Amino acid sequence: MAVVDMGALVDLDRGLIDRRIFADPDIYERELERIFARCWLYLGHESQLAKPGDFLSTYMGEDPVLVVRGTDGRVRAFLNTCRHRGNRVCRVDEGNTKAFTCAYHGWTYDTLGKLVAVPSYKEFWFEELDTSQWGLAPVAQVDSYKGLIFGTIDPAAPPLLDYLGDMAWCLDAVIDRREGGMEVIGGVHKWTVDANWKTAAENFAGDAYHVPRTHISAIRTGFGGASLQPAGYGVGYGGVQINPHVGHGMGARIVDQIEELGTSTAPGAAKYTVDNYPKAEERLGRTRARMSIMHGTVFPNLSFLTAASTIRVWHPKGPLRFEVWSWCIVDKEAPPEVKDALRVHSLRRFSPGGTLEQDDSANWTQVSWSGRGVAARRVPLNYQMGLGHEGPHDDIPGRVGPWESDTNQRAFYRYWAELMR
Amino acid sequence: MATAVRPAAPDAGTRPVPDAVLRSVEHFLYREAHLLDAHRYEEWLELFTDDVHYWMPVRRDMPKPGASEFASEREMAFFDESKDSLRNRVAKFGTGLAWAEEPPSRTRHVITNIMVDQGDSESEVWAHSDFVFYRTRLESRQDILVGARQDLLRRSGDSWTIARRTILLDQTVLSADNLSMFL
């Protein structure tokens with residue numbers, strides 16, 4: 001591609017972004033190389049791969065990937081492409097297997113990725129093929145953080161914990177509130193949005209500002225918990241936006257009264273959430289235990305929103321299309337009725353039919369597509385909210401800005417530009 | 001929230017009802033589609049019993065033989081609704097501020113392949129139907145959703161009410177960017 005001056009597209013000292021970054025095919029191709037083939041990407045949750053032979057299919061950028069718990073108990077990830085002619089060796093979404101057999105010529109790989117069978121190996125290959133060299137192409141590094149499995153295509157990428165930095169400190173407030181860890185409820189919401197993946201990623205990273213307007217119909221008609229408090233969303237909410245490391249971002253409200261933790265979750269889980277507070281404080285300390293309505297993005301494309309028990313990945317499918325893959329995640333040790341209350345709340349609020357989520361996609365589509373207009377591209381977008389009002393915080397690592405600010409969006413694009421340079 | 005065991009529908013078309021009943025159910029389902037396409041949601045709500053369970057499970061590609069393609073009732077669904085939550089959805093559309101439907105989509109529910117089977121009691125029947133749902137909105141957005149429905153209908157005067165609806169969508173990854181419609 002032509003050399004693009006990323007500094008000219010993204011000027012975060014002034015809070016300006018050229019909307020070309022959402023729609024330009026060359027920039028998108030570069031993202032696949034510079035971002036998706038380098039960063040640690042979310043692959044799945046350990047609870048989905050409980051037993052040896054359990055596997056799931058996903059994507060890293062546009063590369064189809066298999067994530068497998070091998071017979072040795074270790075989780076690995078491989079490109080889901082046969083080393084022979086490139087067909088996918090697995091065509092289903094999840095399951096348990098001893099081996100993956102390609103439907104084209106029958107090359108067969110075990111759960112460790114080794115090529116274990118080649119049809120007519122003796123007759124047609126004269127036993128000359130060195131099968132040890134033709135196993136499934138592995139994802140260079142796979143590691144997990146408290147149940148969240150990540151992988152990177154880049155063998156030279158820093159270790160996962162270094163990549164997360166203090167985002168791990170933030171994630172603990174989401175996934176480590178009590179003993180036993182978390183689990184994913186079965187069934188994944190998957191849907192297609194004709195927008196750029198970054199539009200969604202930046203929204204979850206720190207866009208508290210959109211809530212009172214985008215979601216006004218759900219707020220007015222109620223969605224359980226905080227919804228019926230008129231001041232519950234919007235001005236004066238007393239929250240923070242945290243940029244702990246590189247392009248990661250998390251926003252959280254830090255409640256004064258512990259009871260308030262119960263008003264931002266499913267009504268059927270309110271008591272459970274409040275009752276669990278002492279355990280959370282013991283594990284996390286006062287500040288993190290009191291965090292509520294946590295939303296965030298682990299750069300580049302893993303996002304979460306605790307009020308809806310959702311974690312999701314924005315899989316890029318071209319400059320102006322992405323797929324959302326969204327899971328409901330709950331405390332493993334929570335009682336069944338609490339898990340079910342969280343499940344129902346999650347799907348009724350944040351899923352393609354969710355009464356809050358419904359209203360995001362049309363906005364996002366038009367935001368991203370505005371980058372197609374030649375004239376519009378000459379008019380930069382404004383990411384200036386709260387510029388200069390962010391800095392260190394006594395109890396929180398990284399740079400911290402107001403709840404309603406572009407703190408995390410600026411951090412997201414600053415890191416994006418650094419990687420794209 | 002669905003906690004009760006769902007009554008099992010018979011294999012569609014194996015317990016046929018008299019023609020008059022079939023005609024009456026057909027009329028009922030076409031009338032329902034008419035109300036939906038006219039966005040007459042308050043009237044549409046009246047077609048459901050107070051204990052309705054309206055359910056559209058997530059579907060996935062699974063190896064065969066093996067687990068069901070469809071998520072179970074304790075797993076994720078696109079819709080897992082009670083009368084109250086359906087009412088909440090209708091109220092949301094009524095605000096005029098629900099951007100997914102403002103301005104409103106133009107929709108067509110094509111309901112076909114209707115088969116009606118006798119239920120366990122005289123006052124209940126099972127209605128199987130297939131749907132082709134078309135939606136267009138704004139300048140050029142178009143979505144098509146195709147699937148099947150299994151309804152448990154209860155007699156109500158000379159018409160019917162819907163006590164259970166299961167919607168089985170054919171897609172695993174939705175091509176639509178949201179589900180701001182009823183199916």
# chains A, B, ... in the order shown; residues from 1 in each chain; ligands from 1
$ residues_around --residues "segment 244-255 of chain A" --least-positions-apart "2" --cutoff "8 Å" --atoms "only C-alpha atoms" --output "PyMOL selection string"
chain A and resi 164-167+170+205-206+208+237-242+257-258+260-261+287-288+290-300+397-399+403+408-409+411-416
$ write_last_selection --atoms "N, CA and C atoms" --output "short mmCIF file (atom, residue, chain, number, x, y, z; two decimals), in the first residue's frame"
data_model
loop_
_atom_site.label_atom_id
_atom_site.label_comp_id
_atom_site.auth_asym_id
_atom_site.auth_seq_id
_atom_site.Cartn_x
_atom_site.Cartn_y
_atom_site.Cartn_z
N LEU A 164 -0.89 -7.00 28.89
CA LEU A 164 -2.04 -6.49 29.64
C LEU A 164 -1.62 -5.35 30.57
N GLY A 165 -0.41 -5.46 31.14
CA GLY A 165 0.02 -4.44 32.10
C GLY A 165 -1.02 -4.30 33.21
N ASP A 166 -1.31 -3.06 33.58
CA ASP A 166 -2.29 -2.84 34.64
C ASP A 166 -3.73 -3.05 34.18
N MET A 167 -3.92 -3.43 32.90
CA MET A 167 -5.27 -3.84 32.51
C MET A 167 -5.64 -5.11 33.27
N CYS A 170 -7.28 -4.02 36.31
CA CYS A 170 -8.68 -3.65 36.02
C CYS A 170 -9.54 -4.89 35.84
N ALA A 205 -14.72 0.85 25.13
CA ALA A 205 -13.54 1.27 25.89
C ALA A 205 -13.85 2.41 26.83
N GLY A 206 -14.79 3.27 26.42
CA GLY A 206 -14.98 4.41 27.32
C GLY A 206 -16.09 5.38 26.98
N ALA A 208 -19.14 6.43 27.84
CA ALA A 208 -20.30 6.56 28.72
C ALA A 208 -21.23 7.67 28.23
N TYR A 237 -22.26 11.27 37.21
CA TYR A 237 -22.37 9.88 37.61
C TYR A 237 -21.23 9.43 38.49
N GLY A 238 -20.22 10.25 38.62
CA GLY A 238 -19.15 9.92 39.56
C GLY A 238 -18.33 8.72 39.19
N GLY A 239 -18.07 8.55 37.94
CA GLY A 239 -17.25 7.42 37.51
C GLY A 239 -15.93 7.87 36.94
N VAL A 240 -15.12 6.90 36.59
CA VAL A 240 -13.80 7.19 36.03
C VAL A 240 -13.60 6.39 34.74
N GLN A 241 -12.77 6.93 33.88
CA GLN A 241 -12.29 6.20 32.72
C GLN A 241 -10.80 5.99 32.91
N ILE A 242 -10.39 4.74 32.81
CA ILE A 242 -9.02 4.37 33.14
C ILE A 242 -8.30 3.88 31.90
N GLN A 257 -22.21 3.69 48.47
CA GLN A 257 -22.98 2.73 49.24
C GLN A 257 -22.89 1.35 48.58
N ILE A 258 -22.57 0.35 49.37
CA ILE A 258 -22.41 -0.99 48.82
C ILE A 258 -23.70 -1.47 48.15
N GLU A 260 -25.53 0.01 46.31
CA GLU A 260 -25.63 0.47 44.92
C GLU A 260 -25.04 -0.54 43.93
N LEU A 261 -24.18 -1.43 44.43
CA LEU A 261 -23.65 -2.47 43.53
C LEU A 261 -24.78 -3.33 42.98
N THR A 287 -11.32 0.06 46.57
CA THR A 287 -11.62 0.77 45.33
C THR A 287 -12.19 -0.17 44.26
N ARG A 288 -11.50 -1.25 44.03
CA ARG A 288 -11.96 -2.14 42.95
C ARG A 288 -13.22 -2.90 43.33
N ARG A 290 -15.61 -1.78 44.89
CA ARG A 290 -16.76 -0.88 44.75
C ARG A 290 -16.99 -0.44 43.30
N MET A 291 -16.26 -1.01 42.39
CA MET A 291 -16.47 -0.65 40.99
C MET A 291 -17.74 -1.30 40.45
N SER A 292 -18.48 -0.52 39.69
CA SER A 292 -19.77 -0.94 39.17
C SER A 292 -19.90 -0.46 37.73
N ILE A 293 -20.80 -1.08 36.97
CA ILE A 293 -21.00 -0.73 35.56
C ILE A 293 -19.65 -0.64 34.85
N MET A 294 -18.85 -1.68 35.04
CA MET A 294 -17.54 -1.69 34.40
C MET A 294 -17.70 -2.06 32.93
N HIS A 295 -17.08 -1.26 32.11
CA HIS A 295 -17.08 -1.53 30.67
C HIS A 295 -15.66 -1.31 30.20
N GLY A 296 -15.27 -1.99 29.17
CA GLY A 296 -13.90 -1.77 28.74
C GLY A 296 -13.54 -2.56 27.50
N THR A 297 -12.36 -2.26 27.00
CA THR A 297 -11.83 -2.96 25.84
C THR A 297 -10.36 -3.31 26.11
N VAL A 298 -10.07 -4.60 26.00
CA VAL A 298 -8.68 -5.03 25.97
C VAL A 298 -8.26 -4.90 24.52
N PHE A 299 -7.32 -4.00 24.25
CA PHE A 299 -6.93 -3.71 22.89
C PHE A 299 -6.50 -5.00 22.18
N PRO A 300 -6.94 -5.28 20.97
CA PRO A 300 -7.78 -4.40 20.16
C PRO A 300 -9.28 -4.68 20.24
N PRO A 397 -4.13 2.76 38.87
CA PRO A 397 -2.94 2.93 38.03
C PRO A 397 -3.29 3.52 36.66
N GLY A 398 -2.29 4.06 36.00
CA GLY A 398 -2.47 4.56 34.65
C GLY A 398 -2.98 5.99 34.63
N ARG A 399 -3.56 6.36 33.48
CA ARG A 399 -4.14 7.69 33.33
C ARG A 399 -5.64 7.59 33.55
N TRP A 403 -15.68 10.14 33.90
CA TRP A 403 -16.60 9.12 33.35
C TRP A 403 -17.05 9.50 31.96
N ASN A 408 -10.28 7.20 27.15
CA ASN A 408 -9.90 5.88 26.67
C ASN A 408 -9.92 5.77 25.15
N GLN A 409 -10.79 6.55 24.52
CA GLN A 409 -10.79 6.53 23.06
C GLN A 409 -9.47 7.12 22.54
N ALA A 411 -6.64 7.09 24.05
CA ALA A 411 -5.58 6.11 24.33
C ALA A 411 -5.63 4.96 23.33
N PHE A 412 -6.85 4.54 23.01
CA PHE A 412 -7.04 3.46 22.04
C PHE A 412 -6.39 3.84 20.71
N TYR A 413 -6.68 5.03 20.21
CA TYR A 413 -6.18 5.43 18.89
C TYR A 413 -4.70 5.82 18.93
N ARG A 414 -4.24 6.27 20.08
CA ARG A 414 -2.81 6.58 20.19
C ARG A 414 -1.99 5.29 20.01
N TYR A 415 -2.45 4.23 20.67
CA TYR A 415 -1.74 2.95 20.54
C TYR A 415 -1.93 2.37 19.13
N TRP A 416 -3.14 2.53 18.62
CA TRP A 416 -3.44 2.06 17.26
C TRP A 416 -2.46 2.70 16.28
#
$ interface_residues --of "chain A" --to "chain B" --cutoff "9 Å" --atoms "only C-alpha atoms" --output "PyMOL selection string"
chain A and resi 91-95+185-194+213-223+323+325+327-328+340-341+343-344+347-348+351-355+357-363
$ closest_residue --among "B:Leu152, B:Leu45, B:Leu29, B:Ala9" --to "Asn113 of chain B" --atoms "only C-alpha atoms"
B:Leu29
$ closest_residue --among "B:Tyr30, B:Trp126, B:Trp55, B:Tyr41" --to "Leu153 of chain B" --atoms "only C-alpha atoms"
B:Trp126
$ atom_distance --atom1 "atom CA of Gly44 of chain A" --atom2 "atom CA of Gly86 of chain A"
23.6 Å
$ atom_distance --atom1 "atom CA of Ser57 of chain A" --atom2 "atom CA of Met182 of chain A"
20.5 Å
$ residues_around --residues "segment 113-116 of chain A" --least-positions-apart "3" --cutoff "9 Å" --atoms "only C-alpha atoms" --output "list in words"
Val68, Gly70, Arg76, Ala77, Phe78, Ala99, Phe100, Trp107, Thr108, Tyr109, Asp110, Thr131, Ser132, Gln133, Trp134, Gly135, Leu136, Ala137 and Pro138 of chain A
$ write_last_selection --atoms "N, CA and C atoms" --output "tab-separated table (two decimals), in the first residue's frame"
chain	number	residue	atom	x	y	z
A	68	VAL	N	-7.96	-25.76	21.20
A	68	VAL	CA	-8.16	-27.16	21.58
A	68	VAL	C	-7.48	-27.45	22.90
A	70	GLY	N	-5.68	-30.28	24.51
A	70	GLY	CA	-5.09	-31.53	24.04
A	70	GLY	C	-5.26	-32.66	25.04
A	76	ARG	N	-4.08	-25.33	23.32
A	76	ARG	CA	-3.30	-24.80	22.20
A	76	ARG	C	-4.24	-24.18	21.18
A	77	ALA	N	-3.68	-23.43	20.28
A	77	ALA	CA	-4.48	-22.89	19.18
A	77	ALA	C	-3.73	-23.09	17.87
A	78	PHE	N	-4.48	-23.38	16.84
A	78	PHE	CA	-3.91	-23.65	15.52
A	78	PHE	C	-4.70	-22.91	14.46
A	99	ALA	N	-9.60	-36.15	17.02
A	99	ALA	CA	-8.80	-35.74	15.88
A	99	ALA	C	-9.62	-34.89	14.93
A	100	PHE	N	-8.91	-34.14	14.09
A	100	PHE	CA	-9.55	-33.33	13.05
A	100	PHE	C	-9.14	-33.91	11.70
A	107	TRP	N	-6.30	-35.76	5.39
A	107	TRP	CA	-5.21	-35.58	6.35
A	107	TRP	C	-5.83	-35.40	7.73
A	108	THR	N	-5.22	-36.04	8.72
A	108	THR	CA	-5.82	-36.07	10.05
A	108	THR	C	-4.81	-35.59	11.09
A	109	TYR	N	-5.29	-34.69	11.95
A	109	TYR	CA	-4.43	-34.08	12.98
A	109	TYR	C	-5.00	-34.42	14.35
A	110	ASP	N	-4.13	-34.69	15.31
A	110	ASP	CA	-4.63	-34.97	16.66
A	110	ASP	C	-4.82	-33.66	17.43
A	131	THR	N	6.00	-36.37	8.25
A	131	THR	CA	4.76	-35.86	8.86
A	131	THR	C	5.04	-34.96	10.05
A	132	SER	N	6.21	-35.11	10.66
A	132	SER	CA	6.50	-34.26	11.83
A	132	SER	C	6.61	-32.79	11.44
A	133	GLN	N	6.81	-32.52	10.14
A	133	GLN	CA	6.96	-31.15	9.67
A	133	GLN	C	5.66	-30.55	9.16
A	134	TRP	N	4.58	-31.36	9.18
A	134	TRP	CA	3.35	-30.91	8.53
A	134	TRP	C	2.14	-30.96	9.46
A	135	GLY	N	2.42	-30.68	10.73
A	135	GLY	CA	1.31	-30.53	11.68
A	135	GLY	C	0.58	-29.23	11.44
A	136	LEU	N	-0.55	-29.05	12.11
A	136	LEU	CA	-1.30	-27.79	11.99
A	136	LEU	C	-0.41	-26.62	12.39
A	137	ALA	N	-0.54	-25.52	11.67
A	137	ALA	CA	0.27	-24.34	11.99
A	137	ALA	C	-0.18	-23.78	13.33
A	138	PRO	N	0.73	-23.74	14.31
A	138	PRO	CA	0.30	-23.27	15.63
A	138	PRO	C	0.22	-21.75	15.72
$ closest_residue --among "B:Asp170, B:Asp158, B:Asp117, B:Glu124" --to "Thr14 of chain B" --atoms "only C-alpha atoms"
B:Asp117
$ select_by_dssp --residues "chain B" --states "helix (DSSP H, G or I)" --output "number ranges by chain"
B: 19-37, 41-45, 83-94, 99-101
$ write_last_selection --atoms "C-alpha atoms" --output "short mmCIF file (atom, residue, chain, number, x, y, z; two decimals), in the first residue's frame"
data_model
loop_
_atom_site.label_atom_id
_atom_site.label_comp_id
_atom_site.auth_asym_id
_atom_site.auth_seq_id
_atom_site.Cartn_x
_atom_site.Cartn_y
_atom_site.Cartn_z
CA ASP B 19 -60.32 -28.35 8.46
CA ALA B 20 -62.35 -25.75 10.31
CA VAL B 21 -59.75 -25.65 13.08
CA LEU B 22 -56.93 -25.47 10.56
CA ARG B 23 -58.61 -22.54 8.81
CA SER B 24 -59.19 -20.77 12.08
CA VAL B 25 -55.53 -21.13 13.09
CA GLU B 26 -54.34 -19.98 9.68
CA HIS B 27 -56.52 -16.91 9.98
CA PHE B 28 -55.15 -16.26 13.46
CA LEU B 29 -51.51 -16.46 12.36
CA TYR B 30 -52.09 -14.28 9.30
CA ARG B 31 -53.88 -11.76 11.46
CA GLU B 32 -50.89 -11.75 13.83
CA ALA B 33 -48.49 -11.11 10.93
CA HIS B 34 -50.75 -8.30 9.76
CA LEU B 35 -50.62 -6.61 13.17
CA LEU B 36 -46.82 -6.91 13.33
CA ASP B 37 -46.27 -5.49 9.86
CA TYR B 41 -47.79 -3.92 18.89
CA GLU B 42 -50.29 -3.20 21.67
CA GLU B 43 -52.90 -5.25 19.84
CA TRP B 44 -50.30 -7.91 19.04
CA LEU B 45 -49.54 -8.29 22.77
CA LYS B 83 -45.49 -11.39 28.88
CA ASP B 84 -43.92 -8.66 31.02
CA SER B 85 -40.71 -8.53 29.04
CA LEU B 86 -42.64 -8.49 25.74
CA ARG B 87 -44.66 -5.61 27.16
CA ASN B 88 -41.41 -3.85 28.05
CA ARG B 89 -40.19 -4.23 24.46
CA VAL B 90 -43.43 -2.82 23.11
CA ALA B 91 -43.26 0.11 25.54
CA LYS B 92 -39.74 0.86 24.34
CA PHE B 93 -40.93 1.12 20.73
CA GLY B 94 -43.74 3.36 21.94
CA TRP B 99 -33.53 4.44 17.29
CA ALA B 100 -33.50 0.91 15.89
CA GLU B 101 -37.12 1.52 14.89
#
$ select_by_dssp --residues "chain B" --states "strand (DSSP E or B)" --output "MDAnalysis selection string"
chainID B and resid 16 48:57 59 70 77:81 106:118 124:137 141:156 159:169 174
$ closest_residue --among "B:Ser82, B:Ala8, B:Val110, B:Arg137" --to "Phe48 of chain B" --atoms "only C-alpha atoms"
B:Ser82
$ residues_around --residues "Leu161 of chain A" --least-positions-apart "3" --cutoff "12 Å" --atoms "only C-alpha atoms" --output "PDB file with C-alpha atoms, in the first residue's frame"
ATOM      1  CA  TRP A  40      -2.712 -10.731  21.988  1.00  0.00           C
ATOM      2  CA  VAL A 142      -1.166 -19.046  23.833  1.00  0.00           C
ATOM      3  CA  ASP A 143      -1.646 -18.070  27.453  1.00  0.00           C
ATOM      4  CA  SER A 144      -4.504 -17.353  29.783  1.00  0.00           C
ATOM      5  CA  TYR A 145      -5.338 -14.857  32.463  1.00  0.00           C
ATOM      6  CA  LYS A 146      -7.788 -16.045  35.142  1.00  0.00           C
ATOM      7  CA  LEU A 148      -9.495 -15.792  29.664  1.00  0.00           C
ATOM      8  CA  ILE A 149      -7.471 -17.491  26.922  1.00  0.00           C
ATOM      9  CA  PHE A 150      -5.468 -15.270  24.606  1.00  0.00           C
ATOM     10  CA  GLY A 151      -3.190 -15.977  21.700  1.00  0.00           C
ATOM     11  CA  ALA A 157       5.232 -10.495  21.111  1.00  0.00           C
ATOM     12  CA  PRO A 158       5.861  -9.740  24.799  1.00  0.00           C
ATOM     13  CA  LEU A 164      -2.038  -6.487  29.640  1.00  0.00           C
ATOM     14  CA  GLY A 165       0.024  -4.445  32.103  1.00  0.00           C
ATOM     15  CA  ASP A 166      -2.291  -2.845  34.641  1.00  0.00           C
ATOM     16  CA  MET A 167      -5.268  -3.841  32.507  1.00  0.00           C
ATOM     17  CA  ALA A 168      -4.942  -7.081  34.465  1.00  0.00           C
ATOM     18  CA  TRP A 169      -5.496  -5.003  37.625  1.00  0.00           C
ATOM     19  CA  LEU A 171      -9.840  -7.041  34.755  1.00  0.00           C
ATOM     20  CA  HIS A 245      -1.636   0.497  29.697  1.00  0.00           C
TER      21      HIS A 245
END
$ closest_residue --among "A:Leu320, A:Leu56, A:Ala280, A:Ala270" --to "Gly371 of chain A" --atoms "only C-alpha atoms"
A:Leu320
$ residues_around --residues "Ala156 of chain A" --least-positions-apart "3" --cutoff "9 Å" --atoms "only C-alpha atoms" --output "ChimeraX atom specification"
/A:38,140,153,159
$ write_last_selection --atoms "N, CA and C atoms" --output "compact mmCIF listing (two decimals), in the first residue's frame"
# COMPACT_ATOMS: atom_id res chain seq x y z
N ARG A 38 -0.24 -9.17 15.50
CA ARG A 38 0.80 -8.86 16.50
C ARG A 38 0.27 -8.86 17.94
N ALA A 140 1.41 -18.72 17.59
CA ALA A 140 2.76 -18.68 18.16
C ALA A 140 2.76 -18.77 19.68
N ILE A 153 -0.27 -14.27 17.14
CA ILE A 153 0.37 -14.83 15.96
C ILE A 153 1.87 -14.54 15.99
N PRO A 159 5.22 -11.24 26.64
CA PRO A 159 4.29 -12.15 27.31
C PRO A 159 2.95 -11.47 27.58
$ closest_residue --among "B:Met56, B:Leu47, B:Met115, B:Trp160" --to "Pro18 of chain B" --atoms "only C-alpha atoms"
B:Met115
$ decode --residues "segment 43-71 of chain B" --atoms "N, CA and C atoms" --output "tab-separated table (two decimals), in the first residue's frame"
chain	number	residue	atom	x	y	z
B	43	GLU	N	-51.90	-4.24	20.19
B	43	GLU	CA	-52.90	-5.25	19.84
B	43	GLU	C	-52.25	-6.63	19.70
B	44	TRP	N	-51.03	-6.64	19.19
B	44	TRP	CA	-50.30	-7.91	19.04
B	44	TRP	C	-50.09	-8.56	20.40
B	45	LEU	N	-49.76	-7.76	21.42
B	45	LEU	CA	-49.54	-8.29	22.77
B	45	LEU	C	-50.76	-9.05	23.30
B	46	GLU	N	-51.92	-8.58	22.89
B	46	GLU	CA	-53.16	-9.20	23.38
B	46	GLU	C	-53.32	-10.63	22.89
B	47	LEU	N	-52.52	-11.01	21.90
B	47	LEU	CA	-52.64	-12.38	21.35
B	47	LEU	C	-51.95	-13.41	22.23
B	48	PHE	N	-51.24	-12.96	23.26
B	48	PHE	CA	-50.47	-13.89	24.08
B	48	PHE	C	-51.12	-14.10	25.44
B	49	THR	N	-50.99	-15.32	25.95
B	49	THR	CA	-51.47	-15.59	27.31
B	49	THR	C	-50.55	-14.90	28.32
B	50	ASP	N	-51.04	-14.73	29.53
B	50	ASP	CA	-50.22	-14.07	30.56
B	50	ASP	C	-49.01	-14.91	30.94
B	51	ASP	N	-49.11	-16.23	30.72
B	51	ASP	CA	-47.98	-17.09	31.10
B	51	ASP	C	-47.15	-17.50	29.88
B	52	VAL	N	-47.19	-16.69	28.85
B	52	VAL	CA	-46.50	-17.05	27.62
B	52	VAL	C	-44.99	-17.19	27.85
B	53	HIS	N	-44.40	-18.12	27.13
B	53	HIS	CA	-42.94	-18.17	27.02
B	53	HIS	C	-42.61	-18.06	25.55
B	54	TYR	N	-41.91	-16.99	25.22
B	54	TYR	CA	-41.58	-16.65	23.83
B	54	TYR	C	-40.07	-16.82	23.71
B	55	TRP	N	-39.63	-17.77	22.91
B	55	TRP	CA	-38.25	-18.24	23.02
B	55	TRP	C	-37.62	-18.46	21.65
B	56	MET	N	-36.45	-17.91	21.46
B	56	MET	CA	-35.69	-18.14	20.22
B	56	MET	C	-34.26	-18.49	20.61
B	57	PRO	N	-33.95	-19.78	20.67
B	57	PRO	CA	-32.62	-20.19	21.14
B	57	PRO	C	-31.53	-19.86	20.11
B	58	VAL	N	-30.33	-19.73	20.62
B	58	VAL	CA	-29.15	-19.60	19.76
B	58	VAL	C	-28.93	-20.93	19.04
B	59	ARG	N	-28.53	-20.85	17.80
B	59	ARG	CA	-28.24	-22.06	17.01
B	59	ARG	C	-26.76	-22.10	16.68
B	60	ARG	N	-26.22	-23.28	16.47
B	60	ARG	CA	-24.79	-23.40	16.18
B	60	ARG	C	-24.53	-24.61	15.30
B	61	ASP	N	-23.41	-24.58	14.62
B	61	ASP	CA	-22.99	-25.74	13.83
B	61	ASP	C	-22.36	-26.75	14.77
B	62	MET	N	-22.93	-27.94	14.80
B	62	MET	CA	-22.44	-28.98	15.71
B	62	MET	C	-22.20	-30.25	14.92
B	63	PRO	N	-21.23	-31.06	15.38
B	63	PRO	CA	-21.00	-32.34	14.70
B	63	PRO	C	-22.20	-33.26	14.89
B	64	LYS	N	-22.36	-34.16	13.93
B	64	LYS	CA	-23.47	-35.09	13.97
B	64	LYS	C	-22.93	-36.50	14.01
B	65	PRO	N	-23.34	-37.42	14.85
B	65	PRO	CA	-24.32	-37.17	15.90
B	65	PRO	C	-23.66	-36.45	17.06
B	66	GLY	N	-24.45	-35.77	17.84
B	66	GLY	CA	-23.86	-35.04	18.95
B	66	GLY	C	-24.90	-34.17	19.58
B	67	ALA	N	-24.44	-33.12	20.24
B	67	ALA	CA	-25.36	-32.24	20.95
B	67	ALA	C	-26.28	-31.54	19.96
B	68	SER	N	-27.39	-31.05	20.47
B	68	SER	CA	-28.35	-30.33	19.65
B	68	SER	C	-27.71	-29.08	19.06
B	69	GLU	N	-28.14	-28.74	17.85
B	69	GLU	CA	-27.74	-27.47	17.27
B	69	GLU	C	-28.22	-26.30	18.12
B	70	PHE	N	-29.32	-26.50	18.82
B	70	PHE	CA	-29.94	-25.40	19.54
B	70	PHE	C	-29.49	-25.38	21.00
B	71	ALA	N	-29.22	-24.19	21.48
B	71	ALA	CA	-28.90	-24.03	22.90
B	71	ALA	C	-30.11	-24.47	23.72
